[in-house]
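Enquirer: Right, I'll just put the structure down here and ask away after.
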Amino acid sequence: MTARFIKKTSEKTGLVPGTLIHIGERKTDEVKITIIDYDENQYEEREVKEVEECYKYKDKPSVTWININGLHDVNVIEKVGKHFDLHPLLLEDVVNTTQRPKLEDYGNYLFIVLKMLSYNEEENRIEAEQISLVLSSGIVISFQENGGDVFNSVRERIRKTKGRIRKVGADYLAYALMDAIVDNYFIILEKIGEQIEDLEQELVSNPSEKTLYAIHVLKREMIFLRKSVWPLREVVSALERGESPLIHESTITYLRDLYDHTIQVIDTVETFRDMVSGMLDIYLSSIGNRMNEIMKVLTMIATIFIPLTFIVGIYGMNFEYMPELGKKWGYPSVLLLMLIVGCIMVIYFRRKRWL
Amino acid sequence: MTARFIKKTSEKTGLVPGTLIHIGERKTDEVKITIIDYDENQYEEREVKEVEECYKYKDKPSVTWININGLHDVNVIEKVGKHFDLHPLLLEDVVNTTQRPKLEDYGNYLFIVLKMLSYNEEENRIEAEQISLVLSSGIVISFQENGGDVFNSVRERIRKTKGRIRKVGADYLAYALMDAIVDNYFIILEKIGEQIEDLEQELVSNPSEKTLYAIHVLKREMIFLRKSVWPLREVVSALERGESPLIHESTITYLRDLYDHTIQVIDTVETFRDMVSGMLDIYLSSIGNRMNEIMKVLTMIATIFIPLTFIVGIYGMNFEYMPELGKKWGYPSVLLLMLIVGCIMVIYFRRKRWL
Amino acid sequence: MTARFIKKTSEKTGLVPGTLIHIGERKTDEVKITIIDYDENQYEEREVKEVEECYKYKDKPSVTWININGLHDVNVIEKVGKHFDLHPLLLEDVVNTTQRPKLEDYGNYLFIVLKMLSYNEEENRIEAEQISLVLSSGIVISFQENGGDVFNSVRERIRKTKGRIRKVGADYLAYALMDAIVDNYFIILEKIGEQIEDLEQELVSNPSEKTLYAIHVLKREMIFLRKSVWPLREVVSALERGESPLIHESTITYLRDLYDHTIQVIDTVETFRDMVSGMLDIYLSSIGNRMNEIMKVLTMIATIFIPLTFIVGIYGMNFEYMPELGKKWGYPSVLLLMLIVGCIMVIYFRRKRWL
Amino acid sequence: MTARFIKKTSEKTGLVPGTLIHIGERKTDEVKITIIDYDENQYEEREVKEVEECYKYKDKPSVTWININGLHDVNVIEKVGKHFDLHPLLLEDVVNTTQRPKLEDYGNYLFIVLKMLSYNEEENRIEAEQISLVLSSGIVISFQENGGDVFNSVRERIRKTKGRIRKVGADYLAYALMDAIVDNYFIILEKIGEQIEDLEQELVSNPSEKTLYAIHVLKREMIFLRKSVWPLREVVSALERGESPLIHESTITYLRDLYDHTIQVIDTVETFRDMVSGMLDIYLSSIGNRMNEIMKVLTMIATIFIPLTFIVGIYGMNFEYMPELGKKWGYPSVLLLMLIVGCIMVIYFRRKRWL
Amino acid sequence: MTARFIKKTSEKTGLVPGTLIHIGERKTDEVKITIIDYDENQYEEREVKEVEECYKYKDKPSVTWININGLHDVNVIEKVGKHFDLHPLLLEDVVNTTQRPKLEDYGNYLFIVLKMLSYNEEENRIEAEQISLVLSSGIVISFQENGGDVFNSVRERIRKTKGRIRKVGADYLAYALMDAIVDNYFIILEKIGEQIEDLEQELVSNPSEKTLYAIHVLKREMIFLRKSVWPLREVVSALERGESPLIHESTITYLRDLYDHTIQVIDTVETFRDMVSGMLDIYLSSIGNRMNEIMKVLTMIATIFIPLTFIVGIYGMNFEYMPELGKKWGYPSVLLLMLIVGCIMVIYFRRKRWL
């Protein structure tokens with residue numbers, strides 16, 4: 001369970017900083033490299049086998065997007081790094097999937113780490129995949145662990161010349177990729193929203209220990225979500241402040257929009273947290289109430305019958321001289337007495353609003 | 001229940017940023033466009049069918065207020081946007097009613113998103129409607145989802161030349177609209193204040209599980225309220241700092257006043273939150289106390305009768321040689337004994353302050 | 001109960017900003033205007049009937065203190081405002097007694113809103129009265145709702161030429177008035193301190209549901225107190241920073257002293273809050289403990305007698321062949337058996353430290 | 001109990017700011033004035049009777065430390081104030097022992113208020129004494145309420161020419177005094193640390209209601225401690241920033257060291273707070289657990305015997321036609337039946353892990 | 001238990017600041033001094049007996065790393081301090097192992113205090129060792145209490161000319177040492193992560209009072225961890241800001257990487273804290289639930305049998321005239337009646353979902 005929160009990194013201890021060791025699950029079999037190169041007029045898309053094929057795009061004036069899918073083959077990463085002159089520590093962060101979202105400005109390129117979230121329906125939990133972006137002048141390199149289809153919409157837009165994307169530079173492309181990731185968060189949030197709603201229904205209709213457990217699972221998912229989402233805010237905010245010359249003026253409005261989305265995501269996560277802990281309170285107090293009600297009724301039944309049992313006990317005594325025992329009216333009048341005593345107790349409890 | 005907190009936005013995922021898709025309920029049947037154009041001397045008010053009729057007001061020196069009621073027809077929004085040269089992302093935010101209150105400075109116009117709150121008496125909850133304002137030089141464009149009567153007072157003042165409004169510019173008009181919205185919050189707060197008072201009465205006189213549920217509903221309304229109100233503070237504070245040339249010096253005093261009102265709203269919301277969680281504490285401890293009292297009394301009754309039942313049990317035994325059974329004074333003296341035992345127990349419990 | 005936290009302001013909704021409407025209770029019958037005019041050498045004090053009589057003091061070089069007692073007559077306020085050239089929004093805040101403490105710098109005058117607290121012994125709660133000060137060059141105008149005797153000490157000092165007050169300007173007078181108000185807070189704090197002490201005694205000696213309620217009332221008073229006290233800090237701190245030319249260098253030391261007092265008040269309020277919530281914890285756990293003790297003893301009594309009752313039940317059975325019944329030693333040995341069983345149970349419970 | 005948190009200050013209400021009234025307990029009989037005057041070469045120490053004897057040290061080039069012990073005689077304070085030209089508000093703060101730790105820069109002298117803590121073993125609580133320091137060029141004046149022996153180590157070092165103290169100026173002396181006070185805090189912290197340890201032992205071995213009360217007392221001591229310690233941080237930090245020309249460059253390193261100690265004290269206080277509230281949680285849950293265990297066992301005993309009592313009740317009925325009653329094997333087989341029923345219940349409870 | 005949080009420092013009270021007294025456990029027998037001197041071309045490693053042997057490395061152009069292992073011999077520390085011109089307060093901090101992590105800039109050298117953590121498997125708790133670094137131009141001096149093998153990897157890299165380390169200056173060496181320490185934290189975190197996982201398993205399968213205690217122990221370890229980790233952040237952040245000329249531009253990228261690791265450590269600690277308190281909540285509510293379930297079932301058994309016992313009691317009465325007693329069908333019909341009553345109760349309880 002804690003695996004999502006801390007991955008095995010101890011094997012890295014004592015190594016030279018900058019040593020490339022893939023930390024995380026191996027989520028794909030082979031490394032897939034896709035290159036999309038475009039400007040306003042032309043468009044080229046190809047999947048390459050050897051990393052060396054990327055090299056020629058380095059100095060082209062068009063925008064080039066190199067997508068590397070699968071991080072376990074550190075050789076590929078290393079070659080890319082060497083050719084595009086990336087810092088060893090950057091490469092180390094790319095293959096170590098335990099990073100928090102962050103932005104690092106290396107002068108002539110920006111390094112952005114993000115978390116792609118997906119909902120694992122089977123294990124009923126959110127999973128995170130690390131996505132690293134390198135934005136250099138005219139080039140965006142993206143590194144994915146597995147590479148679901150989250151970037152497909154961006155590809156589609158480039159192919160179909162939809163929107164601004166073909167007319168503007170690599171910074172807009174980087175924005176578009178980040179936007180695709182953040183857009184995806186809303187789907188996760190909706191799913192969690194539905195779960196909260198279901199749990200609320202359950203809470204009102206039929207709360208059980210299972211409900212309690214579900215609430216706690218949800219609470220933990222929230223902790224996980226926050227961890228991915230909060231640092232994102234600083235990342236986008238730093239980009240939007242526009243201190244890097246790699247970000248053009250016109251892209252900043254879009255980054256501001258992205259920032260708004262990020263805030264909205266955070267806001268929703270916090271609201272959900274409040275709602276979930278409110279649900280926990282409701283659960284605990286209503287379970288407590290219900291149990292109290294049961295105990296009250298049961299105790300009351302016992303309380304009514306115990307004095308009656310005492311009375312019948314009296315006339316079960318074997319004294320020789322108990323005048324009532326010989327009387328004809330003895331038995332019915334004791335029955336009547338008990339009826340009266342019982343009724344008085346019921347009335348008393350009702351008046352006290354205990355029943 | 002969570003619908004208010006997160007609206008279906010997943011259908012937007014993967015679309016080009018700036019695509020206009022109306023997100024939210026469709027709250028009105030047709031789009032209604034009203035134009036009010038005035039300066040100190042003249043005044044004109046008309047409802048137009050076609051959005052194109054607004055165009056001529058663009059460069060008039062008088063103040064023009066274009067109110068667009070109903071956001072589901074994105075064509076109208078798009079036309080307005082094109083003519084008045086509004087950024088596509090702005091238009092996207094106008095039709096996406098999941099925005100948080102915010103202020104965006106696009107240079108030659110300001111974009112303000114606010115939340116109009118109303119109390120839905122039937123479903124017993126607060127509802128929010130998104131209102132967007134565009135303040136350009138001499139022009140205010142307001143977009144409403146449904147457009148209740150919250151702006152009527154402003155219209156009335158313009159019509160009747162009441163107050164400063166006719167003498168000053170579009171920035172004051174924008175202020176007046178925002179002020180009308182914030183004024184409206186106080187009505188919501190009063191309603192909640194009354195509910196809190198009612199619940200408190202109920203808490204003292206007759207707390208039940210219904211009370212608990214009502215407290216939790218109130219708590220959730222508070223979460224919702226905070227979400228709308230807190231970001232407002234930054235919006236007004238940013239306006240009041242007066243960094244935009246669109247805001248005149250003289251309007252800033254009024255914005256400061258608006259800021260004060262905003263702070264007062266936030267303050268009251270926070271106070272209410274404290275009060276509601278205090279009520280929850282009282283409820284829980286008083287319910288607990290009451291239940292304990294009941295259990296105590298019931299257990300005490302059982303405790304008094306159990307030893308007595310034991311005594312009568314003794315003389316119900318069928319031993320042949322039980323000397324007491326043959327004695328004339330046997331029965332009455334056992335009755336007396338039980339009376340004494342009962343009294344001693346009651347006295348003991350009283351002395352211990354258990355009764 | 002919530003009336004103190006939110007006053008009826010809905011009647012103001014939709015009015016032109018700057019419209020004077022008195023919001024709050026009418027605490028005095030007629031408006032009383034007192035003028036004190038002094039410099040180092042002369043001193044004049046008079047009560048005037050008509051507000052116009054204040055006008056002549058406007059440009060005198062001496063320090064003039066105009067005190068207006070009673071806010072329900074908006075005409076008076078309006079006249080003062082017009083003559084001394086006060087902003088309509090300022091006047092609106094003066095008569096709307098729902099303001100938070102605040103400082104506003106209108107350039108040639110400062111506007112300060114404060115809360116005067118008093119302890120209502122009958123209803124056992126703190127009450128607040130709004131006091132507004134306008135500090136202009138050579139003039140202080142104070143507006144009070146009811147005007148208790150809190151300013152009497154200042155008046156006395158002016159009359160008797162005590163202290164610096166006659167030698168220095170209007171800013172010192174404004175300081176002196178604020179100081180009088182804050183000094184008064186300490187009396188409230190002492191009263192609350194005493195209540196906390198009483199409650200603590202009660203908590204140790206004889207906690208009851210009444211104690212719980214008293215703790216909650218105290219907690220609410222704390223919420224109210226905080227609301228009045230926290231914003232005060234910003235007010236005094238802003239004054240002390242001395243950005244306004246109306247505040248002389250020599251007064252700033254005094255304002256710093258006032259600031260210290262404010263911090264001390266806030267500090268004490270926070271400490272009290274901590275103490276009160278500590279008391280709540282003690283109460284809940286000691287009540288819980290006590291109830292548990294009672295239930296334990298009662299259940300133990302039942303537990304001891306139930307097996308004994310079972311034994312006597314056995315010998316109450318009517319089987320024809322129960323050899324023990326016919327034996328002479330039957331009855332006494334059963335009695336002995338029960339005595340032994342009872343003793344064993346008591347000893348067992350004692351050893352387990354349950355008794 | 002609250003006396004430590006708020007002292008009687010209401011008698012000051014309404015007085016002229018700067019009026020000297022001693023607020024606090026009178027902790028010593030007579031005012032004792034000690035003068036230590038030294039430079040690298042000479043050293044003089046004397047106790048004076050009249051405050052006037054201090055006057056001649058005012059302009060000597062050597063460092064002079066005037067220690068005034070006992071604050072109830074405001075005349076002495078006033079004379080000192082007048083001669084050394086101290087602000088009346090400063091003197092007011094010296095005699096009013098309710099100050100928070102603070103630093104005030106009066107231009108040609110600094111005013112520092114600190115709290116000396118001591119542990120009152122009898123009443124089992126921390127007590128605070130106010131110590132005020134005035135640092136002027138070449139002169140340090142210290143005011144103590146009672147003057148324990150906390151400054152003796154400093155005196156000793158001056159006498160014995162140990163360390164830097166004789167070679168450097170008055171600012172180092174002021175540092176040395178503050179350092180002595182903060183060093184003393186560690187003793188208090190150790191004492192509290194021991195108490196926490198004792199309570200933890202008690203918590204594991206034999207928790208009782210006394211333990212609960214001790215935890216709460218400790219919690220309150222923590223509140224008190226924080227109140228004295230937190231503001232200290234700002235004081236030392238402000239000094240260390242070295243904005244006053246009275247503080248020499250070389251002393252700043254020492255002040256930084258003092259700052260570190262202050263942070264360490266705060267850190268420990270916060271850690272203790274966390275530990276104490278953890279202890280409270282343990283206490284409550286373990287007491288609750290224990291009580292539950294007892295109730296469970298008792299209820300189980302009752303539950304086993306109630307059905308058995310029912311069975312014996314059946315054969316105690318007086319019906320004429322109850323075939324079992326006449327059978328020889330009736331009695332033993334009923335006994336056997338009950339044994340079986342009892343065993344089944346015990347086994348069932350064990351299997352359910354209830355026993 | 002508190003010993004880790006506050007060590008005996010009272011013996012230091014009253015001493016001259018800068019006096020060297022070793023505070024902490026004596027963790028090694030004799031002081032071991034190792035010198036590693038290297039540049040790109042040559043490498044020398046030796047263990048010296050006398051501290052004086054270090055002196056000749058002071059002005060060599062190569063990088064020199066002096067590691068001092070064991071702090072109890074203050075003479076050694078003092079000699080080093082004198083020769084390398086270190087401030088007495090710095091030396092005092094080196095031997096006083098109660099320091100928080102901190103960075104101090106003494107102009108021509110930096111002083112860094114860190115905490116090395118190790119997991120004591122026997123006592124099941126984290127232990128901290130203080131490590132102090134002095135970074136001067138071309139020289140790094142490290143002071144360790146015991147000196148585990150945490151620095152071995154760095155030594156190895158120097159020996160084997162691996163990585164950048166031999167080509168760059170002393171600042172990179174200092175970075176490498178700090179990096180080794182922080183890397184080590186991840187091992188601790190993993191261990192705690194495993195414990196959390198184990199406890200979670202236990203929580204689901206078989207929660208007991210032992211689980212509760214383990215949770216609390218974990219909670220306290222968290223407090224300890226935080227205390228060591230949080231200040232680290234400021235230390236690294238201050239270094240990374242690169243204000244000291246001792247830190248070269250090229251090292252700053254590495255320090256930024258170190259900063260990221262520190263943030264990751266803090267993040268994980270905070271996540272663990274959230275998880276542990278979530279576990280506490282689960283524990284308490286599930287224990288409560290279980291106990292409630294037991295009590296409910298037991299009470300229900302009692303409740304079913306008490307009315308039945310009452311019925312048999314009726315027919316155990318000895319009245320002469322009880323017509324049912326003489327009837328043949330009396331006994332079986334009473335048995336039937338009781339069966340029906342019992343069944344009705346069971347059905348009723350089931351329908352109410354109490355069973």
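Residues in the structure tokens are named by chain (A, B, ... in the order shown) and by number from 1 within that chain; ligands are numbered from 1 in the order shown.
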With a cut-off of 7 Å and counting only C-alpha atoms, select all residues of chain A in contact with chain B and give the selection as a short mmCIF file (atom, residue, chain, number, x, y, z; two decimals) with N, CA, C and O atoms, in the first residue's frame.
Expert:
```cif
data_model
loop_
_atom_site.label_atom_id
_atom_site.label_comp_id
_atom_site.auth_asym_id
_atom_site.auth_seq_id
_atom_site.Cartn_x
_atom_site.Cartn_y
_atom_site.Cartn_z
N SER A 153 -4.69 13.49 -28.15
CA SER A 153 -5.45 14.66 -28.60
C SER A 153 -4.52 15.73 -29.13
O SER A 153 -4.84 16.41 -30.11
N GLY A 163 -6.52 24.52 -34.47
CA GLY A 163 -6.11 25.47 -33.45
C GLY A 163 -4.81 26.19 -33.82
O GLY A 163 -4.34 26.17 -34.95
N ALA A 180 -2.94 18.82 -21.53
CA ALA A 180 -3.56 17.50 -21.70
C ALA A 180 -3.50 16.71 -20.40
O ALA A 180 -4.47 16.03 -20.03
N ASP A 183 -5.94 18.40 -17.84
CA ASP A 183 -7.32 18.09 -18.24
C ASP A 183 -7.71 16.70 -17.75
O ASP A 183 -8.84 16.47 -17.32
N ASN A 184 -6.75 15.81 -17.83
CA ASN A 184 -6.99 14.43 -17.43
C ASN A 184 -7.31 14.32 -15.93
O ASN A 184 -8.04 13.43 -15.51
N PHE A 186 -9.22 16.14 -14.26
CA PHE A 186 -10.64 16.36 -14.01
C PHE A 186 -11.44 15.07 -14.10
O PHE A 186 -12.43 14.88 -13.41
N ILE A 187 -10.96 14.15 -14.96
CA ILE A 187 -11.64 12.86 -15.07
C ILE A 187 -11.49 12.08 -13.76
O ILE A 187 -12.46 11.50 -13.24
N GLU A 190 -13.77 13.64 -11.22
CA GLU A 190 -15.16 13.24 -11.41
C GLU A 190 -15.41 11.87 -10.84
O GLU A 190 -16.43 11.62 -10.19
N GLY A 193 -15.56 12.13 -7.27
CA GLY A 193 -16.83 12.79 -6.93
C GLY A 193 -17.97 11.78 -6.93
O GLY A 193 -18.80 11.78 -6.02
N GLU A 197 -20.34 10.53 -3.81
CA GLU A 197 -21.79 10.53 -3.87
C GLU A 197 -22.36 9.16 -3.50
O GLU A 197 -23.30 9.06 -2.70
N LYS A 296 -30.47 1.01 24.18
CA LYS A 296 -31.51 1.62 25.00
C LYS A 296 -32.76 0.75 25.01
O LYS A 296 -33.31 0.44 26.08
N THR A 299 -32.16 -2.58 26.84
CA THR A 299 -32.09 -2.39 28.28
C THR A 299 -33.46 -2.09 28.85
O THR A 299 -33.80 -2.50 29.96
N MET A 300 -34.25 -1.35 28.07
CA MET A 300 -35.57 -1.01 28.55
C MET A 300 -36.45 -2.25 28.69
O MET A 300 -37.17 -2.38 29.68
N THR A 303 -35.42 -3.90 31.73
CA THR A 303 -35.81 -3.12 32.90
C THR A 303 -37.29 -3.31 33.22
O THR A 303 -37.69 -3.31 34.39
N ILE A 306 -37.67 -7.12 34.67
CA ILE A 306 -37.00 -7.51 35.91
C ILE A 306 -37.87 -7.29 37.14
O ILE A 306 -38.02 -8.20 37.98
N PRO A 307 -38.53 -6.13 37.29
CA PRO A 307 -39.43 -5.99 38.46
C PRO A 307 -40.59 -6.98 38.41
O PRO A 307 -41.01 -7.49 39.45
N PHE A 310 -39.51 -10.20 39.60
CA PHE A 310 -39.41 -10.13 41.06
C PHE A 310 -40.76 -10.43 41.71
O PHE A 310 -40.85 -11.20 42.67
N GLY A 313 -41.63 -13.92 41.46
CA GLY A 313 -40.73 -14.62 42.38
C GLY A 313 -41.31 -14.65 43.77
O GLY A 313 -41.27 -15.66 44.48
N ILE A 314 -41.90 -13.52 44.21
CA ILE A 314 -42.48 -13.44 45.56
C ILE A 314 -43.51 -14.55 45.76
O ILE A 314 -43.47 -15.29 46.76
N GLY A 316 -43.74 -17.21 44.29
CA GLY A 316 -43.15 -18.53 44.10
C GLY A 316 -42.48 -19.03 45.37
O GLY A 316 -41.98 -20.15 45.43
N MET A 317 -42.49 -18.18 46.42
CA MET A 317 -41.87 -18.58 47.67
C MET A 317 -42.74 -19.62 48.36
O MET A 317 -43.96 -19.63 48.22
N ASN A 318 -42.09 -20.50 49.12
CA ASN A 318 -42.80 -21.64 49.69
C ASN A 318 -43.20 -21.46 51.15
O ASN A 318 -43.35 -22.43 51.89
N PHE A 319 -43.37 -20.21 51.61
CA PHE A 319 -43.81 -20.02 53.00
C PHE A 319 -45.17 -20.67 53.20
O PHE A 319 -46.03 -20.63 52.32
N GLU A 320 -45.34 -21.24 54.37
CA GLU A 320 -46.62 -21.87 54.64
C GLU A 320 -47.72 -20.85 54.85
O GLU A 320 -48.85 -21.03 54.45
N TYR A 321 -47.34 -19.75 55.49
CA TYR A 321 -48.36 -18.76 55.79
C TYR A 321 -48.24 -17.57 54.85
O TYR A 321 -47.61 -16.58 55.19
N MET A 322 -48.72 -17.74 53.64
CA MET A 322 -48.82 -16.58 52.75
C MET A 322 -50.28 -16.44 52.39
O MET A 322 -50.79 -17.10 51.49
#
```
Enquirer: Counting only C-alpha atoms, what is within 12 Å of Glu249 in chain D, bar same-chain residues fewer than 5 positions away, as an MDAnalysis selection string?
Expert: chainID D and resid 168:169 171:172 239:244 254:256
Enquirer: Only N, CA and C atoms, please: the residues just picked out, written as a short mmCIF file (atom, residue, chain, number, x, y, z; two decimals), in the first residue's frame.
Expert:
```cif
data_model
loop_
_atom_site.label_atom_id
_atom_site.label_comp_id
_atom_site.auth_asym_id
_atom_site.auth_seq_id
_atom_site.Cartn_x
_atom_site.Cartn_y
_atom_site.Cartn_z
N VAL D 168 35.32 43.51 26.08
CA VAL D 168 34.37 44.08 25.12
C VAL D 168 33.31 44.92 25.81
N GLY D 169 32.42 45.47 25.03
CA GLY D 169 31.55 46.56 25.51
C GLY D 169 30.27 46.12 26.20
N ASP D 171 27.32 45.96 25.00
CA ASP D 171 26.42 45.09 24.23
C ASP D 171 26.69 43.63 24.54
N TYR D 172 27.99 43.29 24.73
CA TYR D 172 28.31 41.91 25.07
C TYR D 172 27.76 41.56 26.46
N LEU D 239 17.60 41.64 17.34
CA LEU D 239 18.91 42.08 17.82
C LEU D 239 20.01 41.61 16.87
N GLU D 240 19.91 40.37 16.47
CA GLU D 240 20.96 39.73 15.69
C GLU D 240 21.07 40.36 14.30
N ARG D 241 19.94 40.86 13.79
CA ARG D 241 19.98 41.54 12.50
C ARG D 241 20.88 42.78 12.55
N GLY D 242 21.14 43.21 13.79
CA GLY D 242 22.18 44.21 13.98
C GLY D 242 21.88 45.58 13.42
N GLU D 243 20.62 45.98 13.50
CA GLU D 243 20.28 47.28 12.93
C GLU D 243 20.66 48.43 13.86
N SER D 244 20.83 48.13 15.13
CA SER D 244 21.16 49.21 16.06
C SER D 244 22.68 49.41 16.11
N TYR D 254 27.70 36.11 18.54
CA TYR D 254 27.20 35.57 19.80
C TYR D 254 25.68 35.60 19.85
N LEU D 255 25.12 36.67 19.33
CA LEU D 255 23.65 36.76 19.31
C LEU D 255 23.06 35.67 18.41
N ARG D 256 23.78 35.36 17.32
CA ARG D 256 23.32 34.30 16.43
C ARG D 256 23.29 32.97 17.20
#
```
Enquirer: Counting only C-alpha atoms, which of D:Leu91, D:Val235, D:Ile188, D:Leu258 gets nearest to Ile126 in chain D?
Expert: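 The answer is D:Ile188, which sits nearest to Ile126 in chain D.
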Enquirer: Just give me the gap between CA of Thr34 in chain E and CA of Asn67 in chain E in Å, one decimal is fine.
Expert: 5.1 Å
Enquirer: Could you give me, as a list in words, the residues within 10 Å of Leu133 in chain B, counting only C-alpha atoms and dropping anything in the same chain fewer than 3 positions from it?
Expert: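 The neighbour list is Ile66, Asn67, Val94, Leu103, Leu110, Phe111, Ile112, Val113, Leu114, Ser136, Val140, Ile141, Ser142, Phe143, Gln144, Ala174, Leu177 and Met178 of chain B.
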Enquirer: Among range 53-185 of chain E, which residues does DSSP mark as helix (DSSP H, G or I) when it is run on the backbone? Keep the chain and numbering as in the structure and answer as number ranges by chain.
Expert: E: 53-57, 74-83, 88-95, 152-159, 170-185
Enquirer: Mind giving me the straight-line distance from CA of Lys60 in chain B to CA of Glu47 in chain B in Å, one decimal?
Expert: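 About the pair CA of Lys60 in chain B and CA of Glu47 in chain B: they are 18.0 Å apart.
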Enquirer: Which residue gives the smallest distance to Met222 in chain A among E:Val204, E:Pro245, E:Leu117, E:Met275, with only C-alpha atoms counted?
Expert: E:Met275
Enquirer: Tell me, which residues of range 61-249 of chain D carry DSSP strand (DSSP E or B), written as a PyMOL selection string?
Expert: chain D and resi 63-69+96+102-105+109-120+125-136+139-144
Enquirer: Quick one: distance from CA of Ile181 in chain C to CA of Gly107 in chain D in Å, one decimal?
Expert: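 Between CA of Ile181 in chain C and CA of Gly107 in chain D the gap works out to 29.0 Å.
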Enquirer: May I have the residues within 10 Å of Leu355 in chain C as a ChimeraX atom specification, using only C-alpha atoms and disregarding those fewer than 2 positions away in the same chain?
Expert: /C:293,296-297,300,346-353
